[in-house]
Amino acid sequence: LRMGNAVVVKPSEYTPLSVLALAKIINEELPEGLLTVVSGGREVGARLAEHPAIGKVMFTGSTATGKAIIRSSADTVKRLTLELGGNDAGIVLPDADPKAIAEGLFWGAFINTGQTCAALKRLYVHDSLYEAVCTELTKVAAAMPMGNGLDEANVLGPLQNRQQFDIVTRLVDAARESGATILLGGNPDDGQPGNFYPTTLVADIDNNNPLVAEEQFGPALPIIRYSTIDDAIAKANALDVGLGASVWSSNLDEARNVAARLQAGTVWINKHGAVDPRIPFGGAKQSGYGLEFGVEGLKALGVPQIING
């Protein structure tokens, strides 16, 4: 809109009401027809992606859906900005202070109950700090109340839909069956209303476990032990996604050295997921392409034109 475009918004089929409400407020100030919301399922998104009157598509969601949009938009050669799946890694270096970083780790992983593209979704901790980080992180997580958001004492809420609840349940159950240690949570009450999955920390887990290798998009964090920095970096870079990553250390120079070797669109130091609208944001590998935010993000929503003479 700021770059002079008319916009058609297609919200997720799981969350149309909040988007419709926001558009209603915005349209009280905009000229009629400039901002339109079209709700529906995947078939609506496919029609938008292939429609010849659409010049640009911006999408946030799964890598699988992003690939479908690429295919649907190919015949009309649309410009695309795709922010796709993440499964972000965090690496705790041997010189970090477990107590000092525990709350930052928690919010990096569990903001919005883990339902954030750039949330911390797998944590690699050096042998020398492993037990201490597990202990401090468990203390912080155990003290965070979860429940109905109308109660302002609660800081964590439910998963948005039952399908995602079932995915988190499957991944945590698989980790438990493999011999991993459940430090906290992992025991949802199926009888309660809503899709509340408890804050869950999983230790002593293999890097190839599904809870590590698949994006859980929920409140379950696997904590993986490593012995050498090279090993941690190799494991962090092993997946075919790279939206964000983080390095946790008391030594800024060492943290920057490690950050430079991580294959991700954004790498934070001693924080995770702190997206700032002034700074470009986008993914590496199969986490998508194109940029949002910042001057670069604005330029991506215009067509360059050079006039000679």
# chains A, B, ... in the order shown; residues from 1 in each chain; ligands from 1

$ select_by_dssp --residues "stretch 10-242 of chain A" --states "strand (DSSP E or B)" --output "PyMOL selection string"
chain A and resi 35-37+56-60+79-83+88-92+120-126+146+156+181-184+200-203+220-226+241-242

$ write_last_selection --atoms "N, CA and C atoms" --output "CSV table (one decimal), in the first residue's frame"
chain,number,residue,atom,x,y,z
A,35,LEU,N,-7.9,-2.1,-0.8
A,35,LEU,CA,-7.5,-3.2,0.0
A,35,LEU,C,-8.7,-4.2,0.1
A,36,THR,N,-8.5,-5.4,-0.4
A,36,THR,CA,-9.6,-6.4,-0.4
A,36,THR,C,-9.1,-7.6,0.3
A,37,VAL,N,-10.0,-8.3,1.1
A,37,VAL,CA,-9.7,-9.5,1.7
A,37,VAL,C,-10.6,-10.6,1.1
A,56,LYS,N,2.3,-9.4,-8.3
A,56,LYS,CA,3.3,-9.7,-7.2
A,56,LYS,C,2.6,-10.6,-6.2
A,57,VAL,N,3.2,-11.6,-5.7
A,57,VAL,CA,2.7,-12.4,-4.6
A,57,VAL,C,3.7,-12.4,-3.4
A,58,MET,N,3.2,-12.1,-2.2
A,58,MET,CA,4.0,-12.3,-1.0
A,58,MET,C,3.3,-13.3,-0.2
A,59,PHE,N,4.1,-14.3,0.3
A,59,PHE,CA,3.5,-15.4,1.0
A,59,PHE,C,4.3,-15.8,2.2
A,60,THR,N,3.7,-16.0,3.3
A,60,THR,CA,4.3,-16.6,4.5
A,60,THR,C,3.6,-17.9,4.9
A,79,ARG,N,6.4,-11.8,-9.8
A,79,ARG,CA,7.4,-11.5,-8.8
A,79,ARG,C,6.9,-12.1,-7.5
A,80,LEU,N,7.8,-12.7,-6.8
A,80,LEU,CA,7.5,-13.4,-5.6
A,80,LEU,C,8.4,-13.0,-4.4
A,81,THR,N,7.8,-12.9,-3.2
A,81,THR,CA,8.5,-12.9,-2.0
A,81,THR,C,8.0,-14.0,-1.1
A,82,LEU,N,8.8,-14.9,-0.8
A,82,LEU,CA,8.4,-16.1,0.0
A,82,LEU,C,9.1,-16.3,1.3
A,83,GLU,N,8.4,-16.2,2.4
A,83,GLU,CA,8.9,-16.5,3.7
A,83,GLU,C,8.4,-17.9,4.1
A,88,ASP,N,14.5,-23.1,13.0
A,88,ASP,CA,15.7,-22.3,13.4
A,88,ASP,C,16.5,-23.0,14.5
A,89,ALA,N,17.9,-22.9,14.3
A,89,ALA,CA,18.8,-23.5,15.2
A,89,ALA,C,19.4,-22.4,16.1
A,90,GLY,N,19.7,-22.7,17.4
A,90,GLY,CA,20.4,-21.8,18.3
A,90,GLY,C,21.6,-22.6,18.8
A,91,ILE,N,22.8,-21.9,18.9
A,91,ILE,CA,24.0,-22.6,19.4
A,91,ILE,C,24.5,-21.8,20.7
A,92,VAL,N,24.6,-22.5,21.8
A,92,VAL,CA,25.1,-22.0,23.0
A,92,VAL,C,26.6,-22.3,23.1
A,120,LEU,N,13.0,-20.1,17.8
A,120,LEU,CA,14.1,-21.0,18.1
A,120,LEU,C,13.4,-22.4,18.2
A,121,LYS,N,13.8,-23.3,17.3
A,121,LYS,CA,13.1,-24.6,17.3
A,121,LYS,C,14.1,-25.8,17.6
A,122,ARG,N,15.4,-25.6,17.7
A,122,ARG,CA,16.3,-26.7,18.1
A,122,ARG,C,17.5,-26.0,18.7
A,123,LEU,N,17.9,-26.4,19.9
A,123,LEU,CA,19.0,-25.7,20.6
A,123,LEU,C,20.2,-26.7,20.8
A,124,TYR,N,21.3,-26.2,20.4
A,124,TYR,CA,22.6,-27.0,20.5
A,124,TYR,C,23.4,-26.4,21.7
A,125,VAL,N,23.8,-27.2,22.7
A,125,VAL,CA,24.5,-26.7,23.9
A,125,VAL,C,25.7,-27.5,24.1
A,126,HIS,N,26.8,-26.8,24.4
A,126,HIS,CA,28.1,-27.5,24.6
A,126,HIS,C,28.1,-28.4,25.8
A,146,MET,N,0.4,-20.8,31.5
A,146,MET,CA,-0.3,-21.0,30.2
A,146,MET,C,-1.8,-21.1,30.5
A,156,LEU,N,1.2,-17.6,27.9
A,156,LEU,CA,1.2,-18.6,26.8
A,156,LEU,C,-0.2,-19.1,26.6
A,181,THR,N,14.9,-37.6,27.2
A,181,THR,CA,14.4,-37.2,28.5
A,181,THR,C,13.5,-36.0,28.4
A,182,ILE,N,12.3,-36.2,29.0
A,182,ILE,CA,11.3,-35.0,29.0
A,182,ILE,C,11.6,-34.3,30.3
A,183,LEU,N,12.2,-33.1,30.2
A,183,LEU,CA,12.5,-32.3,31.3
A,183,LEU,C,11.3,-31.6,31.9
A,184,LEU,N,10.3,-31.2,31.0
A,184,LEU,CA,9.2,-30.5,31.4
A,184,LEU,C,8.1,-30.7,30.4
A,200,THR,N,7.1,-27.7,26.8
A,200,THR,CA,7.8,-28.9,26.8
A,200,THR,C,9.3,-28.8,26.4
A,201,LEU,N,10.2,-29.3,27.3
A,201,LEU,CA,11.6,-29.3,27.0
A,201,LEU,C,12.1,-30.7,26.9
A,202,VAL,N,12.9,-31.1,25.9
A,202,VAL,CA,13.3,-32.4,25.7
A,202,VAL,C,14.8,-32.5,25.6
A,203,ALA,N,15.5,-33.3,26.5
A,203,ALA,CA,16.9,-33.4,26.5
A,203,ALA,C,17.4,-34.8,26.1
A,220,ALA,N,7.5,-27.1,22.0
A,220,ALA,CA,8.3,-28.2,22.4
A,220,ALA,C,9.7,-28.0,21.8
A,221,LEU,N,10.7,-27.8,22.7
A,221,LEU,CA,12.0,-27.5,22.3
A,221,LEU,C,13.0,-28.7,22.6
A,222,PRO,N,13.6,-29.2,21.5
A,222,PRO,CA,14.7,-30.2,21.8
A,222,PRO,C,16.0,-29.5,22.1
A,223,ILE,N,16.8,-30.1,23.0
A,223,ILE,CA,18.1,-29.6,23.4
A,223,ILE,C,19.1,-30.6,23.1
A,224,ILE,N,20.0,-30.3,22.2
A,224,ILE,CA,20.9,-31.3,21.7
A,224,ILE,C,22.3,-31.0,22.2
A,225,ARG,N,23.0,-32.0,22.6
A,225,ARG,CA,24.4,-31.8,23.1
A,225,ARG,C,25.4,-31.8,22.0
A,226,TYR,N,26.5,-31.0,22.1
A,226,TYR,CA,27.6,-31.1,21.1
A,226,TYR,C,28.9,-30.9,21.8
A,241,VAL,N,16.6,-25.9,5.3
A,241,VAL,CA,15.9,-24.7,5.6
A,241,VAL,C,16.9,-23.8,6.3
A,242,GLY,N,16.7,-22.5,6.3
A,242,GLY,CA,17.5,-21.5,7.0
A,242,GLY,C,16.9,-20.1,7.1

$ closest_residue --among "A:Pro16, A:Arg261, A:Ile307, A:Gly294" --to "A:Asp276" --atoms "only C-alpha atoms"
A:Gly294

$ atom_distance --atom1 "atom CA of A:Gly157" --atom2 "atom CA of A:Cys117"
16.8 Å

$ atom_distance --atom1 "atom CA of A:Met3" --atom2 "atom CA of A:Val19"
20.6 Å
